[in-house]
Amino acid sequence: MFYAAKAVLLTKDIITRTHKGTISQLNSNFVRVGEFEEMVWKYLPLSETLREEADYSITKRITQEESDEILTGAHIFIQRCESLISQKI
């Protein structure tokens with residue numbers, strides 16, 4: 001999802017160096033102007049939060065429900081990115 005988001009940003013010559021920067025720039029430059037649906041975008045920060053918790057927390061356990069939601073959201077997110085990129089090329 002991260003690299004798909006970075007590819008979308010590159011359609012406007014926006015380069016980011018961090019996950020948070022990518023999330024923020026996608027929101028500012030695509031979601032807020034109506035080019036990317038917020039309901040789809042939300043999967044990016046949600047997946048980043050869960051990834052950080054899984055990587056750095058010794059107590060966080062990702063549930064099957066959370067995993068299923070993110071996986072479904074990832075498919076939708078990437079499809080939307082592919083669609084947007086093909087429109088811009």
# chains A, B, ... in the order shown; residues from 1 in each chain; ligands from 1
call {"tool": "residues_around", "arguments": {"residues": "Thr49 (chain A)", "least_positions_apart": "3", "cutoff": "12 Å", "atoms": "only C-alpha atoms", "output": "compact mmCIF listing (two decimals) with C-alpha atoms, in the first residue's frame"}}
result
# COMPACT_ATOMS: atom_id res chain seq x y z
CA HIS A 19 5.30 6.58 5.89
CA LYS A 20 3.74 9.48 7.79
CA ILE A 23 -0.02 9.39 4.38
CA LYS A 42 -8.30 5.49 5.68
CA TYR A 43 -6.89 2.00 5.19
CA LEU A 44 -3.41 3.46 4.72
CA PRO A 45 -3.04 5.13 8.15
CA LEU A 46 -4.90 2.24 9.78
CA GLU A 52 3.86 -0.11 14.10
CA GLU A 53 2.00 -1.72 17.00
CA ALA A 54 2.86 -5.20 15.76
CA ASP A 55 6.51 -4.28 15.24
CA TYR A 56 7.16 -2.32 18.42
CA SER A 57 4.64 -3.39 21.05
CA LYS A 60 -0.34 -5.88 20.91
CA ILE A 62 -3.64 -8.24 15.87
CA GLU A 66 -8.32 -6.62 12.14
CA ILE A 70 -6.78 -4.56 6.49
call {"tool": "residues_around", "arguments": {"residues": "region 82-86 of chain A", "least_positions_apart": "6", "cutoff": "8 Å", "atoms": "only C-alpha atoms", "output": "PDB file with N, CA and C atoms, in the first residue's frame"}}
result
ATOM      1  N   ALA A   4       2.241   1.886  -3.450  1.00  0.00           N
ATOM      2  CA  ALA A   4       1.149   2.305  -4.336  1.00  0.00           C
ATOM      3  C   ALA A   4       0.809   3.770  -4.071  1.00  0.00           C
ATOM      4  N   ALA A   7       3.460   5.954  -5.558  1.00  0.00           N
ATOM      5  CA  ALA A   7       3.295   6.039  -7.010  1.00  0.00           C
ATOM      6  C   ALA A   7       2.218   7.055  -7.375  1.00  0.00           C
ATOM      7  N   VAL A   8       1.137   7.071  -6.615  1.00  0.00           N
ATOM      8  CA  VAL A   8       0.084   8.072  -6.840  1.00  0.00           C
ATOM      9  C   VAL A   8       0.661   9.475  -6.643  1.00  0.00           C
ATOM     10  N   THR A  11       2.540  11.085  -9.458  1.00  0.00           N
ATOM     11  CA  THR A  11       1.787  11.653 -10.592  1.00  0.00           C
ATOM     12  C   THR A  11       1.695  13.173 -10.478  1.00  0.00           C
TER      13      THR A  11
END
call {"tool": "residues_around", "arguments": {"residues": "Ser28 (chain A)", "least_positions_apart": "5", "cutoff": "12 Å", "atoms": "only C-alpha atoms", "output": "JSON, numbers by chain"}}
result
{"A": [9, 14, 21, 22, 23, 33, 34, 35, 36, 38, 41]}
call {"tool": "residues_around", "arguments": {"residues": "Val40 (chain A)", "least_positions_apart": "3", "cutoff": "7 Å", "atoms": "only C-alpha atoms", "output": "ChimeraX atom specification"}}
result
/A:37,43,76-77
call {"tool": "write_last_selection", "arguments": {"atoms": "N, CA and C atoms", "output": "mmCIF file, in the first residue's frame"}}
result
data_model
loop_
_atom_site.group_PDB
_atom_site.id
_atom_site.type_symbol
_atom_site.label_atom_id
_atom_site.label_comp_id
_atom_site.auth_asym_id
_atom_site.auth_seq_id
_atom_site.Cartn_x
_atom_site.Cartn_y
_atom_site.Cartn_z
ATOM 1 N N GLU A 37 -10.942 8.832 -2.535
ATOM 2 C CA GLU A 37 -12.003 8.692 -1.539
ATOM 3 C C GLU A 37 -11.428 8.484 -0.134
ATOM 4 N N TYR A 43 -7.579 3.273 4.979
ATOM 5 C CA TYR A 43 -6.889 2.001 5.189
ATOM 6 C C TYR A 43 -5.376 2.181 5.283
ATOM 7 N N ILE A 76 -8.678 -3.020 -1.993
ATOM 8 C CA ILE A 76 -9.456 -1.875 -2.478
ATOM 9 C C ILE A 76 -8.537 -0.683 -2.710
ATOM 10 N N PHE A 77 -7.644 -0.420 -1.768
ATOM 11 C CA PHE A 77 -6.721 0.709 -1.849
ATOM 12 C C PHE A 77 -5.833 0.593 -3.091
#
call {"tool": "select_by_dssp", "arguments": {"residues": "region 15-80 of chain A", "states": "helix (DSSP H, G or I)", "output": "JSON, numbers by chain"}}
result
{"A": [19, 20, 21, 22, 23, 24, 25, 26, 27, 28, 29, 30, 31, 38, 39, 40, 41, 43, 44, 45, 46, 47, 48, 49, 50, 51, 52, 53, 54, 55, 56, 64, 65, 66, 67, 68, 69, 70, 71, 72, 73, 74, 75, 76, 77, 78, 79, 80]}
call {"tool": "write_last_selection", "arguments": {"atoms": "N, CA and C atoms", "output": "short mmCIF file (atom, residue, chain, number, x, y, z; two decimals), in the first residue's frame"}}
result
data_model
loop_
_atom_site.label_atom_id
_atom_site.label_comp_id
_atom_site.auth_asym_id
_atom_site.auth_seq_id
_atom_site.Cartn_x
_atom_site.Cartn_y
_atom_site.Cartn_z
N HIS A 19 6.68 7.06 5.97
CA HIS A 19 5.30 6.58 5.89
C HIS A 19 4.34 7.71 6.26
N LYS A 20 4.63 8.39 7.35
CA LYS A 20 3.74 9.48 7.79
C LYS A 20 3.65 10.59 6.75
N GLY A 21 4.77 10.89 6.12
CA GLY A 21 4.77 11.90 5.06
C GLY A 21 3.92 11.47 3.87
N THR A 22 4.01 10.21 3.51
CA THR A 22 3.21 9.68 2.41
C THR A 22 1.73 9.75 2.74
N ILE A 23 1.38 9.34 3.94
CA ILE A 23 -0.02 9.39 4.38
C ILE A 23 -0.53 10.82 4.35
N SER A 24 0.24 11.73 4.90
CA SER A 24 -0.15 13.13 4.98
C SER A 24 -0.30 13.77 3.59
N GLN A 25 0.67 13.53 2.73
CA GLN A 25 0.64 14.13 1.40
C GLN A 25 -0.48 13.56 0.54
N LEU A 26 -0.76 12.28 0.67
CA LEU A 26 -1.88 11.70 -0.07
C LEU A 26 -3.19 12.33 0.38
N ASN A 27 -3.32 12.53 1.67
CA ASN A 27 -4.51 13.17 2.21
C ASN A 27 -4.63 14.61 1.71
N SER A 28 -3.57 15.37 1.81
CA SER A 28 -3.60 16.78 1.44
C SER A 28 -3.82 17.00 -0.05
N ASN A 29 -3.15 16.20 -0.87
CA ASN A 29 -3.13 16.46 -2.31
C ASN A 29 -4.14 15.66 -3.13
N PHE A 30 -4.75 14.66 -2.53
CA PHE A 30 -5.72 13.85 -3.27
C PHE A 30 -7.06 13.71 -2.56
N VAL A 31 -7.04 13.40 -1.27
CA VAL A 31 -8.30 13.20 -0.55
C VAL A 31 -9.03 14.52 -0.37
N GLU A 38 -11.96 9.24 0.82
CA GLU A 38 -11.48 9.13 2.20
C GLU A 38 -11.72 7.74 2.76
N MET A 39 -12.84 7.12 2.39
CA MET A 39 -13.15 5.77 2.90
C MET A 39 -12.11 4.75 2.44
N VAL A 40 -11.49 4.98 1.31
CA VAL A 40 -10.43 4.10 0.82
C VAL A 40 -9.09 4.51 1.42
N TRP A 41 -8.83 5.81 1.47
CA TRP A 41 -7.58 6.33 2.02
C TRP A 41 -7.36 5.88 3.46
N TYR A 43 -7.58 3.27 4.98
CA TYR A 43 -6.89 2.00 5.19
C TYR A 43 -5.38 2.18 5.28
N LEU A 44 -4.85 3.23 4.67
CA LEU A 44 -3.41 3.46 4.72
C LEU A 44 -2.93 3.82 6.13
N PRO A 45 -3.50 4.85 6.77
CA PRO A 45 -3.04 5.13 8.15
C PRO A 45 -3.40 4.02 9.13
N LEU A 46 -4.52 3.34 8.90
CA LEU A 46 -4.90 2.24 9.78
C LEU A 46 -3.88 1.11 9.70
N SER A 47 -3.48 0.76 8.49
CA SER A 47 -2.49 -0.32 8.34
C SER A 47 -1.14 0.09 8.92
N GLU A 48 -0.78 1.36 8.77
CA GLU A 48 0.49 1.84 9.33
C GLU A 48 0.46 1.75 10.86
N THR A 49 -0.64 2.14 11.46
CA THR A 49 -0.77 2.06 12.92
C THR A 49 -0.64 0.62 13.41
N LEU A 50 -1.35 -0.29 12.75
CA LEU A 50 -1.28 -1.69 13.15
C LEU A 50 0.12 -2.27 12.93
N ARG A 51 0.77 -1.87 11.84
CA ARG A 51 2.13 -2.36 11.58
C ARG A 51 3.09 -1.90 12.67
N GLU A 52 2.98 -0.63 13.05
CA GLU A 52 3.86 -0.11 14.10
C GLU A 52 3.60 -0.81 15.43
N GLU A 53 2.33 -1.02 15.74
CA GLU A 53 2.00 -1.72 17.00
C GLU A 53 2.53 -3.14 16.98
N ALA A 54 2.38 -3.83 15.86
CA ALA A 54 2.86 -5.20 15.76
C ALA A 54 4.39 -5.27 15.84
N ASP A 55 5.05 -4.28 15.25
CA ASP A 55 6.51 -4.28 15.24
C ASP A 55 7.13 -3.88 16.57
N TYR A 56 6.50 -2.94 17.27
CA TYR A 56 7.16 -2.32 18.42
C TYR A 56 6.50 -2.58 19.77
N GLN A 64 -7.86 -11.59 14.15
CA GLN A 64 -8.22 -12.06 12.82
C GLN A 64 -9.12 -11.04 12.13
N GLU A 65 -10.02 -10.44 12.89
CA GLU A 65 -10.92 -9.41 12.33
C GLU A 65 -10.13 -8.21 11.81
N GLU A 66 -9.16 -7.74 12.58
CA GLU A 66 -8.32 -6.62 12.14
C GLU A 66 -7.54 -7.00 10.88
N SER A 67 -7.00 -8.19 10.89
CA SER A 67 -6.23 -8.67 9.75
C SER A 67 -7.09 -8.75 8.50
N ASP A 68 -8.28 -9.31 8.63
CA ASP A 68 -9.19 -9.42 7.49
C ASP A 68 -9.59 -8.05 6.96
N GLU A 69 -9.86 -7.11 7.86
CA GLU A 69 -10.25 -5.76 7.45
C GLU A 69 -9.13 -5.08 6.67
N ILE A 70 -7.91 -5.19 7.17
CA ILE A 70 -6.78 -4.56 6.49
C ILE A 70 -6.51 -5.22 5.15
N LEU A 71 -6.60 -6.52 5.08
CA LEU A 71 -6.35 -7.21 3.82
C LEU A 71 -7.38 -6.82 2.77
N THR A 72 -8.64 -6.78 3.15
CA THR A 72 -9.69 -6.33 2.23
C THR A 72 -9.46 -4.89 1.83
N GLY A 73 -9.15 -4.04 2.80
CA GLY A 73 -8.88 -2.64 2.53
C GLY A 73 -7.68 -2.44 1.62
N ALA A 74 -6.66 -3.28 1.79
CA ALA A 74 -5.46 -3.17 0.97
C ALA A 74 -5.79 -3.46 -0.50
N HIS A 75 -6.61 -4.46 -0.73
CA HIS A 75 -7.01 -4.76 -2.11
C HIS A 75 -7.76 -3.59 -2.74
N ILE A 76 -8.68 -3.02 -1.99
CA ILE A 76 -9.46 -1.87 -2.48
C ILE A 76 -8.54 -0.68 -2.71
N PHE A 77 -7.64 -0.42 -1.77
CA PHE A 77 -6.72 0.71 -1.85
C PHE A 77 -5.83 0.59 -3.09
N ILE A 78 -5.25 -0.55 -3.29
CA ILE A 78 -4.34 -0.74 -4.43
C ILE A 78 -5.10 -0.64 -5.75
N GLN A 79 -6.30 -1.19 -5.81
CA GLN A 79 -7.10 -1.05 -7.03
C GLN A 79 -7.38 0.42 -7.33
N ARG A 80 -7.68 1.18 -6.30
CA ARG A 80 -7.96 2.61 -6.50
C ARG A 80 -6.70 3.35 -6.96
#
call {"tool": "atom_distance", "arguments": {"atom1": "CA of Cys81 (chain A)", "atom2": "CA of Ala5 (chain A)"}}
result
6.8 Å
